[in-house]
$ cat my_file-v1.csv   # CSV, C-alpha atoms
chain,number,residue,atom,x,y,z
F,11,MET,CA,99.4,147.4,120.1
F,12,ASN,CA,101.7,150.3,120.6
F,13,LEU,CA,100.7,153.9,120.1
F,14,LEU,CA,101.6,154.8,116.5
F,15,ALA,CA,101.5,151.3,115.3
F,16,GLY,CA,97.8,151.4,116.2
F,17,LEU,CA,97.4,154.4,114.0
F,18,LEU,CA,98.9,152.8,110.9
F,19,ALA,CA,95.7,151.2,109.3
F,20,THR,CA,96.8,151.4,105.7
F,21,ILE,CA,96.6,149.0,102.8
F,22,VAL,CA,99.4,148.8,100.2
F,23,ALA,CA,98.3,147.2,97.0
F,24,ALA,CA,100.2,144.1,96.1
F,25,ALA,CA,101.0,145.0,92.5
F,26,PRO,CA,103.3,148.0,92.9
F,27,VAL,CA,105.2,146.8,95.9
F,28,ALA,CA,108.3,145.8,94.0
F,29,ALA,CA,108.7,149.2,92.3
F,30,GLN,CA,108.6,151.0,95.6
F,31,GLN,CA,112.0,149.8,96.7
F,32,THR,CA,114.1,150.0,93.5
F,33,ASN,CA,115.7,153.4,93.9
F,34,LYS,CA,117.7,154.7,96.8
F,35,THR,CA,115.7,157.3,98.8
F,36,GLU,CA,116.4,161.0,98.0
F,37,LEU,CA,115.7,161.9,101.7
F,38,THR,CA,119.0,163.0,103.3
F,39,PRO,CA,120.0,161.9,106.8
F,40,ALA,CA,119.6,165.5,108.0
F,41,GLN,CA,116.0,165.6,106.6
F,42,SER,CA,115.3,162.2,108.2
F,43,THR,CA,116.6,163.4,111.5
F,44,ALA,CA,114.6,166.6,111.4
F,45,ALA,CA,111.4,164.7,110.5
F,46,THR,CA,111.9,162.2,113.3
F,47,GLU,CA,112.7,164.8,115.9
F,48,LEU,CA,109.5,166.6,114.9
F,49,LEU,CA,107.5,163.4,115.4
F,50,LEU,CA,109.2,162.6,118.7
F,51,GLN,CA,108.7,166.1,120.1
F,52,ALA,CA,105.0,165.9,119.1
F,53,LEU,CA,104.8,162.5,120.9
F,54,LYS,CA,106.5,164.0,124.0
F,55,GLU,CA,104.1,167.0,124.0
F,56,ARG,CA,101.1,165.0,123.0
F,57,GLN,CA,100.4,167.1,119.9
F,58,ALA,CA,98.0,164.9,118.0
F,59,ALA,CA,97.5,167.4,115.1
F,60,VAL,CA,101.3,167.5,114.4
F,61,ILE,CA,101.6,163.7,114.4
F,62,HIS,CA,98.5,163.4,112.1
F,63,SER,CA,100.0,165.9,109.6
F,64,ASN,CA,103.3,164.0,109.5
F,65,LEU,CA,101.9,160.5,108.7
F,66,ALA,CA,102.2,159.1,105.2
F,67,GLU,CA,99.2,160.1,103.2
F,68,SER,CA,97.6,156.7,103.0
F,69,VAL,CA,98.0,156.3,106.8
F,70,ARG,CA,96.8,159.8,107.6
F,71,SER,CA,93.5,159.2,105.7
F,72,SER,CA,92.6,156.2,107.9
F,73,ILE,CA,92.9,157.9,111.3
F,74,ASP,CA,91.5,161.2,112.8
F,75,VAL,CA,93.2,163.6,115.2
F,76,ALA,CA,90.8,162.9,118.0
F,77,THR,CA,91.7,159.2,118.0
F,78,ILE,CA,95.4,160.0,118.0
F,79,GLN,CA,94.9,162.4,120.9
F,80,LYS,CA,93.1,159.8,123.0
F,81,ARG,CA,96.0,157.4,122.6
F,82,LEU,CA,98.6,160.0,123.3
F,83,ASP,CA,96.8,161.0,126.5
F,84,SER,CA,96.7,157.4,127.7
F,85,ARG,CA,100.5,157.0,127.7
F,86,LYS,CA,103.1,157.8,130.4
F,87,ALA,CA,104.8,161.1,130.2
F,88,ILE,CA,107.9,161.2,128.0
F,89,LEU,CA,110.9,163.0,129.6
F,90,SER,CA,113.2,163.2,126.6
F,91,THR,CA,113.9,161.8,123.1
F,92,LYS,CA,117.0,161.3,121.0
F,93,VAL,CA,117.7,160.1,117.5
F,94,ILE,CA,120.7,157.7,117.6
F,95,GLY,CA,120.9,156.4,114.0
F,96,VAL,CA,119.6,157.1,110.5
F,97,THR,CA,120.0,154.6,107.6
F,98,PRO,CA,118.8,155.5,104.1
F,99,GLY,CA,117.4,152.6,102.1
F,100,TYR,CA,115.5,151.9,98.9
F,101,ARG,CA,112.7,154.6,98.9
F,102,THR,CA,112.5,154.3,102.7
F,103,THR,CA,114.7,155.4,105.7
F,104,THR,CA,115.1,153.5,108.9
F,105,VAL,CA,115.6,155.6,112.1
F,106,ASP,CA,116.7,154.3,115.5
F,107,ALA,CA,115.7,156.5,118.4
F,108,VAL,CA,115.4,156.4,122.2
F,109,VAL,CA,112.6,157.7,124.4
F,110,SER,CA,113.1,158.3,128.1
F,111,THR,CA,110.2,157.9,130.6
F,112,ALA,CA,110.0,157.4,134.4
F,113,ASP,CA,110.6,153.6,133.6
F,114,GLY,CA,113.8,154.3,131.8
F,115,GLU,CA,114.9,154.4,128.2
F,116,LYS,CA,113.0,152.6,125.5
F,117,PRO,CA,114.4,152.1,121.9
F,118,ILE,CA,112.1,152.9,119.0
F,119,LEU,CA,112.4,152.0,115.4
F,120,LEU,CA,110.8,154.3,112.8
F,121,MET,CA,110.4,153.9,109.1
F,122,LEU,CA,109.9,157.0,106.9
F,123,ASP,CA,108.8,157.3,103.3
F,124,ASP,CA,110.6,159.2,100.6
F,125,ASP,CA,108.9,162.4,101.7
F,126,GLY,CA,110.0,162.0,105.3
F,127,LYS,CA,106.5,161.0,106.4
F,128,LEU,CA,105.9,158.2,108.9
F,129,LEU,CA,105.1,154.8,107.4
F,130,ALA,CA,105.4,152.7,110.6
F,131,TRP,CA,107.1,152.5,114.0
F,132,LYS,CA,107.4,150.3,117.0
F,133,TRP,CA,109.0,149.9,120.4
F,134,ALA,CA,112.1,147.8,119.4
F,135,GLY,CA,112.1,144.2,120.6
F,136,GLN,CA,108.4,143.7,120.8
F,137,ILE,CA,107.3,141.1,118.3
F,138,GLU,CA,103.7,140.3,117.2
F,139,GLY,CA,102.5,137.3,115.2
F,140,LEU,CA,102.7,138.7,111.7
F,141,GLU,CA,106.1,140.3,112.5
F,142,ALA,CA,107.4,136.9,113.7
F,143,THR,CA,106.4,135.3,110.4
F,144,ALA,CA,107.9,138.0,108.3
F,145,LEU,CA,111.1,137.9,110.3
F,146,ASP,CA,111.3,134.1,109.9
F,147,PHE,CA,110.7,134.3,106.2
F,148,VAL,CA,113.5,136.8,105.6
F,149,LYS,CA,115.8,134.9,107.9
F,150,ASP,CA,115.2,131.8,105.9
F,151,LEU,CA,116.1,133.7,102.7
F,152,ALA,CA,119.3,135.0,104.3
F,153,ALA,CA,120.3,131.5,105.5
F,154,GLY,CA,119.6,130.0,102.1
F,155,ARG,CA,116.6,127.9,103.3
F,156,TRP,CA,114.7,128.4,100.0
F,157,VAL,CA,112.2,125.6,100.5
F,158,VAL,CA,111.4,126.6,104.0
F,159,ALA,CA,110.9,130.2,103.0
F,160,ARG,CA,108.7,129.2,100.1
F,161,SER,CA,106.4,127.2,102.5
F,162,LYS,CA,105.4,130.5,104.2
F,163,LEU,CA,104.0,131.8,101.0
F,164,SER,CA,100.3,131.4,99.9
F,165,LEU,CA,99.6,128.5,97.6
F,166,ASP,CA,99.1,130.9,94.7
F,167,MET,CA,102.4,132.5,95.2
F,168,GLN,CA,104.1,129.1,95.6
F,169,SER,CA,102.8,128.2,92.2
F,170,GLU,CA,104.5,131.2,90.7
F,171,LEU,CA,107.8,130.9,92.6
F,172,ALA,CA,110.1,127.8,92.8
F,173,PRO,CA,112.7,127.7,95.5
F,174,GLY,CA,115.3,128.5,92.8
F,175,ASP,CA,113.4,131.7,92.0
F,176,LEU,CA,113.7,132.9,95.6
F,177,GLU,CA,117.4,132.1,95.6
F,178,ARG,CA,118.0,134.1,92.4
F,179,LYS,CA,116.0,137.1,93.6
F,180,TRP,CA,117.6,137.2,97.1
F,181,THR,CA,121.1,136.8,95.5
F,182,LYS,CA,120.5,139.8,93.3
F,183,LEU,CA,119.2,141.9,96.1
F,184,GLN,CA,122.3,141.1,98.1
F,185,LYS,CA,124.5,141.9,95.1
F,186,VAL,CA,123.0,145.4,94.5
F,187,SER,CA,123.0,146.1,98.3
F,188,GLY,CA,126.6,145.1,98.9
F,189,GLY,CA,126.0,141.9,100.8
F,190,PHE,CA,123.8,140.8,103.7
F,191,ARG,CA,124.6,141.7,107.3
F,192,GLN,CA,121.6,141.1,109.5
F,193,VAL,CA,117.8,141.1,109.8
F,194,LYS,CA,117.2,144.0,112.1
F,195,ASP,CA,113.5,144.1,113.0
F,196,ALA,CA,109.9,144.1,111.7
F,197,VAL,CA,107.1,146.6,112.0
F,198,ILE,CA,103.4,146.1,111.3
F,199,ALA,CA,102.1,148.9,109.1
F,200,ASN,CA,98.6,147.4,108.7
F,201,GLN,CA,96.9,144.5,110.6
F,202,GLY,CA,93.5,143.0,110.0
F,203,GLY,CA,91.4,142.8,106.8
F,204,GLU,CA,92.1,141.0,103.5
F,205,GLN,CA,95.6,142.5,103.2
F,206,GLN,CA,98.1,143.1,106.0
F,207,LEU,CA,101.5,144.8,105.7
F,208,VAL,CA,104.7,144.2,107.6
F,209,LEU,CA,108.0,146.1,106.9
F,210,VAL,CA,111.1,144.1,107.6
F,211,ALA,CA,114.3,146.2,108.1
F,212,VAL,CA,117.3,144.2,106.6
F,213,GLU,CA,120.8,145.6,107.0
F,214,PHE,CA,123.1,145.2,104.0
F,215,VAL,CA,126.6,146.5,103.6
F,216,ASN,CA,125.6,149.5,101.6
F,217,THR,CA,122.1,150.2,102.9
F,218,THR,CA,119.2,149.1,105.1
F,219,SER,CA,116.3,148.0,103.0
F,220,ASN,CA,112.8,147.9,104.4
F,221,LEU,CA,111.2,144.8,102.7
F,222,PHE,CA,107.5,145.1,102.2
F,223,VAL,CA,105.9,141.7,103.1
F,224,ILE,CA,102.1,141.5,102.4
F,225,PHE,CA,99.9,138.9,104.1
F,226,ASP,CA,96.4,137.8,103.3
F,227,GLY,CA,93.7,137.7,106.0
F,228,SER,CA,94.8,134.3,107.2
F,229,GLY,CA,98.4,135.2,107.7
F,230,ARG,CA,99.9,133.7,104.5
F,231,ILE,CA,102.4,135.8,102.5
F,232,ILE,CA,100.9,136.9,99.2
F,233,ASN,CA,103.6,139.3,98.0
F,234,VAL,CA,107.1,140.7,98.9
F,235,ASP,CA,109.0,143.5,97.3
F,236,ILE,CA,111.6,141.1,95.7
F,237,SER,CA,108.9,139.0,93.9
F,238,GLU,CA,109.1,141.0,90.6
F,239,GLU,CA,111.9,143.5,90.5
F,240,PHE,CA,114.8,141.1,91.3
F,241,VAL,CA,114.4,138.6,88.5

$ encode --input "my_file-v1.csv" --output "structure tokens"
Amino acid sequence: MNLLAGLLATIVAAAPVAAQQTNKTELTPAQSTAATELLLQALKERQAAVIHSNLAESVRSSIDVATIQKRLDSRKAILSTKVIGVTPGYRTTTVDAVVSTADGEKPILLMLDDDGKLLAWKWAGQIEGLEATALDFVKDLAAGRWVVARSKLSLDMQSELAPGDLERKWTKLQKVSGGFRQVKDAVIANQGGEQQLVLVAVEFVNTTSNLFVIFDGSGRIINVDISEEFV
């Protein structure tokens, strides 16, 4: 597990997930860039206290500074960092950045909340099991494979959603977002336990929306942020 992804042991309750993504974030690109540059500089200088103070509140409460410092000290030295793209979404912002080490440049994907605090991040291109399932689920929706997408849901959720329901919800999400472009990447925000959270960055014409996909302990999807709001 990568450095900060290992810090993100937070549980997001299933009930309010849909409401989290309804409004466009008020965080400006300049604010997002500043928040990311602060985090990247702290990562470079191995300043655990700074990173800890800039985690989202629910994430920060689950990890202490000493644990962060231990993980920072175990990584190779970072020579430089650079923010290369900022995309505001619905109550979240997706930031693309690059970190340079002795091994070369490594792209990083970060997801910030509405206050500019870190929700989740990962080295781009590295895919874990839950991320793969979440990506496949969203790709099925984007391709109109409603029955296949529904099969990835828990039995309880399947009983509540017919394939036509998924089609209607996804169609509305595309409409309000200006049309689908691509599924960008997925980031684990919480792994292990009875609820597990993956954020999937989906690029639309007008925005990049980070879809909250919640799994149960056995890896079945028990909620997504389009399940209630986009009816």

$ atom_distance --input "my_file-v1.csv" --atom1 "atom CA of F:Phe147" --atom2 "atom CA of F:Leu207"
14.0 Å

$ atom_distance --input "my_file-v1.csv" --atom1 "atom CA of F:Val93" --atom2 "atom CA of F:Ala52"
14.1 Å

$ atom_distance --input "my_file-v1.csv" --atom1 "atom CA of F:Phe190" --atom2 "atom CA of F:Leu120"
20.8 Å

$ closest_atom_pairs --input "my_file-v1.csv" --of "stretch 84-203 of chain F" --to "stretch 218-239 of chain F" --cutoff "10 Å" --atoms "all atoms listed in the file" --output "tab-separated table"
residue	atom	partner	partner_atom	distance
F:Val96	CA	F:Thr218	CA	9.7
F:Thr97	CA	F:Thr218	CA	6.1
F:Pro98	CA	F:Thr218	CA	6.5
F:Gly99	CA	F:Ser219	CA	4.8
F:Tyr100	CA	F:Ser219	CA	5.7
F:Arg101	CA	F:Ser219	CA	8.6
F:Thr102	CA	F:Asn220	CA	6.6
F:Thr103	CA	F:Thr218	CA	7.8
F:Thr104	CA	F:Thr218	CA	7.1
F:Met121	CA	F:Asn220	CA	8.0
F:Leu122	CA	F:Asn220	CA	9.9
F:Gly139	CA	F:Gly229	CA	8.8
F:Leu140	CA	F:Gly229	CA	6.8
F:Glu141	CA	F:Val223	CA	9.5
F:Thr143	CA	F:Gly229	CA	8.4
F:Ala144	CA	F:Val223	CA	6.7
F:Leu145	CA	F:Val223	CA	9.7
F:Phe147	CA	F:Ile231	CA	9.2
F:Val148	CA	F:Leu221	CA	8.8
F:Arg160	CA	F:Ile231	CA	9.4
F:Ser161	CA	F:Arg230	CA	9.4
F:Lys162	CA	F:Ile231	CA	6.3
F:Leu163	CA	F:Ile231	CA	4.6
F:Ser164	CA	F:Arg230	CA	5.2
F:Leu165	CA	F:Arg230	CA	8.6
F:Asp166	CA	F:Ile232	CA	7.7
F:Met167	CA	F:Ile232	CA	6.1
F:Gln168	CA	F:Ile232	CA	9.2
F:Glu170	CA	F:Ser237	CA	9.5
F:Leu171	CA	F:Ser237	CA	8.3
F:Asp175	CA	F:Ser237	CA	8.8
F:Leu176	CA	F:Ser237	CA	7.9
F:Lys179	CA	F:Ile236	CA	6.3
F:Trp180	CA	F:Ile236	CA	7.3
F:Lys182	CA	F:Ile236	CA	9.3
F:Leu183	CA	F:Ile236	CA	7.7
F:Ser187	CA	F:Thr218	CA	8.3
F:Phe190	CA	F:Thr218	CA	9.6
F:Arg191	CA	F:Thr218	CA	9.4
F:Gln192	CA	F:Thr218	CA	9.4
F:Val193	CA	F:Thr218	CA	9.4
F:Lys194	CA	F:Thr218	CA	8.9
F:Asp195	CA	F:Asn220	CA	9.4
F:Ala196	CA	F:Asn220	CA	8.7
F:Val197	CA	F:Asn220	CA	9.6
F:Ile198	CA	F:Val223	CA	9.6
F:Ala199	CA	F:Phe222	CA	9.6
F:Asn200	CA	F:Ile224	CA	9.3
F:Gln201	CA	F:Gly227	CA	8.8
F:Gly202	CA	F:Gly227	CA	6.6
F:Gly203	CA	F:Gly227	CA	5.7

$ residues_near_point --input "my_file-v1.csv" --point "(104.0, 166.5, 121.0)" --cutoff "12 Å" --atoms "all atoms listed in the file" --output "list in words"
Thr46, Glu47, Leu48, Leu49, Leu50, Gln51, Ala52, Leu53, Lys54, Glu55, Arg56, Gln57, Ala58, Ala59, Val60, Ile61, His62, Asn64, Ile78, Gln79, Leu82, Asp83, Ala87, Ile88, Leu89, Ser90 and Thr91 of chain F

$ write_last_selection --input "my_file-v1.csv" --atoms "C-alpha atoms" --output "PDB file, in the coordinates of the input"
ATOM      1  CA  THR F  46     111.900 162.200 113.300  1.00  0.00           C
ATOM      2  CA  GLU F  47     112.700 164.800 115.900  1.00  0.00           C
ATOM      3  CA  LEU F  48     109.500 166.600 114.900  1.00  0.00           C
ATOM      4  CA  LEU F  49     107.500 163.400 115.400  1.00  0.00           C
ATOM      5  CA  LEU F  50     109.200 162.600 118.700  1.00  0.00           C
ATOM      6  CA  GLN F  51     108.700 166.100 120.100  1.00  0.00           C
ATOM      7  CA  ALA F  52     105.000 165.900 119.100  1.00  0.00           C
ATOM      8  CA  LEU F  53     104.800 162.500 120.900  1.00  0.00           C
ATOM      9  CA  LYS F  54     106.500 164.000 124.000  1.00  0.00           C
ATOM     10  CA  GLU F  55     104.100 167.000 124.000  1.00  0.00           C
ATOM     11  CA  ARG F  56     101.100 165.000 123.000  1.00  0.00           C
ATOM     12  CA  GLN F  57     100.400 167.100 119.900  1.00  0.00           C
ATOM     13  CA  ALA F  58      98.000 164.900 118.000  1.00  0.00           C
ATOM     14  CA  ALA F  59      97.500 167.400 115.100  1.00  0.00           C
ATOM     15  CA  VAL F  60     101.300 167.500 114.400  1.00  0.00           C
ATOM     16  CA  ILE F  61     101.600 163.700 114.400  1.00  0.00           C
ATOM     17  CA  HIS F  62      98.500 163.400 112.100  1.00  0.00           C
ATOM     18  CA  ASN F  64     103.300 164.000 109.500  1.00  0.00           C
ATOM     19  CA  ILE F  78      95.400 160.000 118.000  1.00  0.00           C
ATOM     20  CA  GLN F  79      94.900 162.400 120.900  1.00  0.00           C
ATOM     21  CA  LEU F  82      98.600 160.000 123.300  1.00  0.00           C
ATOM     22  CA  ASP F  83      96.800 161.000 126.500  1.00  0.00           C
ATOM     23  CA  ALA F  87     104.800 161.100 130.200  1.00  0.00           C
ATOM     24  CA  ILE F  88     107.900 161.200 128.000  1.00  0.00           C
ATOM     25  CA  LEU F  89     110.900 163.000 129.600  1.00  0.00           C
ATOM     26  CA  SER F  90     113.200 163.200 126.600  1.00  0.00           C
ATOM     27  CA  THR F  91     113.900 161.800 123.100  1.00  0.00           C
TER      28      THR F  91
END

$ decode --input "my_file-v1.csv" --residues "stretch 179-204 of chain F" --atoms "N, CA and C atoms" --output "mmCIF file, in the first residue's frame"
data_model
loop_
_atom_site.group_PDB
_atom_site.id
_atom_site.type_symbol
_atom_site.label_atom_id
_atom_site.label_comp_id
_atom_site.auth_asym_id
_atom_site.auth_seq_id
_atom_site.Cartn_x
_atom_site.Cartn_y
_atom_site.Cartn_z
ATOM 1 N N LYS F 179 -30.239 6.647 -13.692
ATOM 2 C CA LYS F 179 -29.369 7.437 -12.818
ATOM 3 C C LYS F 179 -28.103 7.879 -13.548
ATOM 4 N N TRP F 180 -27.489 6.951 -14.284
ATOM 5 C CA TRP F 180 -26.259 7.290 -15.006
ATOM 6 C C TRP F 180 -26.547 8.310 -16.102
ATOM 7 N N THR F 181 -27.675 8.159 -16.789
ATOM 8 C CA THR F 181 -28.045 9.094 -17.849
ATOM 9 C C THR F 181 -28.218 10.499 -17.305
ATOM 10 N N LYS F 182 -28.829 10.604 -16.125
ATOM 11 C CA LYS F 182 -29.009 11.933 -15.527
ATOM 12 C C LYS F 182 -27.671 12.519 -15.094
ATOM 13 N N LEU F 183 -26.798 11.674 -14.534
ATOM 14 C CA LEU F 183 -25.476 12.152 -14.130
ATOM 15 C C LEU F 183 -24.722 12.694 -15.339
ATOM 16 N N GLN F 184 -24.783 11.984 -16.464
ATOM 17 C CA GLN F 184 -24.122 12.465 -17.679
ATOM 18 C C GLN F 184 -24.717 13.795 -18.139
ATOM 19 N N LYS F 185 -26.042 13.901 -18.057
ATOM 20 C CA LYS F 185 -26.717 15.104 -18.537
ATOM 21 C C LYS F 185 -26.289 16.333 -17.740
ATOM 22 N N VAL F 186 -26.276 16.221 -16.403
ATOM 23 C CA VAL F 186 -25.931 17.385 -15.579
ATOM 24 C C VAL F 186 -24.444 17.686 -15.627
ATOM 25 N N SER F 187 -23.638 16.708 -16.077
ATOM 26 C CA SER F 187 -22.179 16.885 -16.117
ATOM 27 C C SER F 187 -21.666 17.179 -17.516
ATOM 28 N N GLY F 188 -22.562 17.276 -18.499
ATOM 29 C CA GLY F 188 -22.156 17.654 -19.836
ATOM 30 C C GLY F 188 -21.750 16.519 -20.746
ATOM 31 N N GLY F 189 -21.943 15.266 -20.315
ATOM 32 C CA GLY F 189 -21.571 14.129 -21.154
ATOM 33 C C GLY F 189 -20.317 13.432 -20.676
ATOM 34 N N PHE F 190 -20.298 12.119 -20.822
ATOM 35 C CA PHE F 190 -19.184 11.295 -20.355
ATOM 36 C C PHE F 190 -17.984 11.391 -21.291
ATOM 37 N N ARG F 191 -16.768 11.420 -20.708
ATOM 38 C CA ARG F 191 -15.536 11.367 -21.490
ATOM 39 C C ARG F 191 -14.735 10.100 -21.209
ATOM 40 N N GLN F 192 -14.338 9.903 -19.936
ATOM 41 C CA GLN F 192 -13.541 8.729 -19.621
ATOM 42 C C GLN F 192 -13.533 8.467 -18.116
ATOM 43 N N VAL F 193 -13.307 7.191 -17.771
ATOM 44 C CA VAL F 193 -13.032 6.826 -16.383
ATOM 45 C C VAL F 193 -11.541 6.995 -16.177
ATOM 46 N N LYS F 194 -11.177 7.861 -15.252
ATOM 47 C CA LYS F 194 -9.773 8.267 -15.117
ATOM 48 C C LYS F 194 -8.968 7.330 -14.234
ATOM 49 N N ASP F 195 -9.394 7.124 -12.998
ATOM 50 C CA ASP F 195 -8.647 6.273 -12.077
ATOM 51 C C ASP F 195 -9.491 6.055 -10.829
ATOM 52 N N ALA F 196 -9.008 5.176 -9.959
ATOM 53 C CA ALA F 196 -9.691 4.908 -8.692
ATOM 54 C C ALA F 196 -8.684 4.951 -7.556
ATOM 55 N N VAL F 197 -9.137 5.400 -6.394
ATOM 56 C CA VAL F 197 -8.274 5.529 -5.220
ATOM 57 C C VAL F 197 -8.978 4.946 -4.002
ATOM 58 N N ILE F 198 -8.304 4.074 -3.281
ATOM 59 C CA ILE F 198 -8.856 3.520 -2.045
ATOM 60 C C ILE F 198 -8.700 4.540 -0.930
ATOM 61 N N ALA F 199 -9.811 4.910 -0.303
ATOM 62 C CA ALA F 199 -9.772 5.806 0.851
ATOM 63 C C ALA F 199 -9.873 5.028 2.150
ATOM 64 N N ASN F 200 -10.461 3.842 2.104
ATOM 65 C CA ASN F 200 -10.519 2.976 3.281
ATOM 66 C C ASN F 200 -10.597 1.524 2.832
ATOM 67 N N GLN F 201 -9.787 0.682 3.477
ATOM 68 C CA GLN F 201 -9.770 -0.731 3.126
ATOM 69 C C GLN F 201 -9.758 -1.575 4.385
ATOM 70 N N GLY F 202 -10.549 -2.642 4.395
ATOM 71 C CA GLY F 202 -10.660 -3.481 5.579
ATOM 72 C C GLY F 202 -11.866 -3.063 6.405
ATOM 73 N N GLY F 203 -12.387 -3.972 7.191
ATOM 74 C CA GLY F 203 -13.546 -3.658 8.004
ATOM 75 C C GLY F 203 -14.846 -3.929 7.275
ATOM 76 N N GLU F 204 -15.942 -3.549 7.901
ATOM 77 C CA GLU F 204 -17.265 -3.837 7.358
ATOM 78 C C GLU F 204 -17.645 -2.924 6.201
#
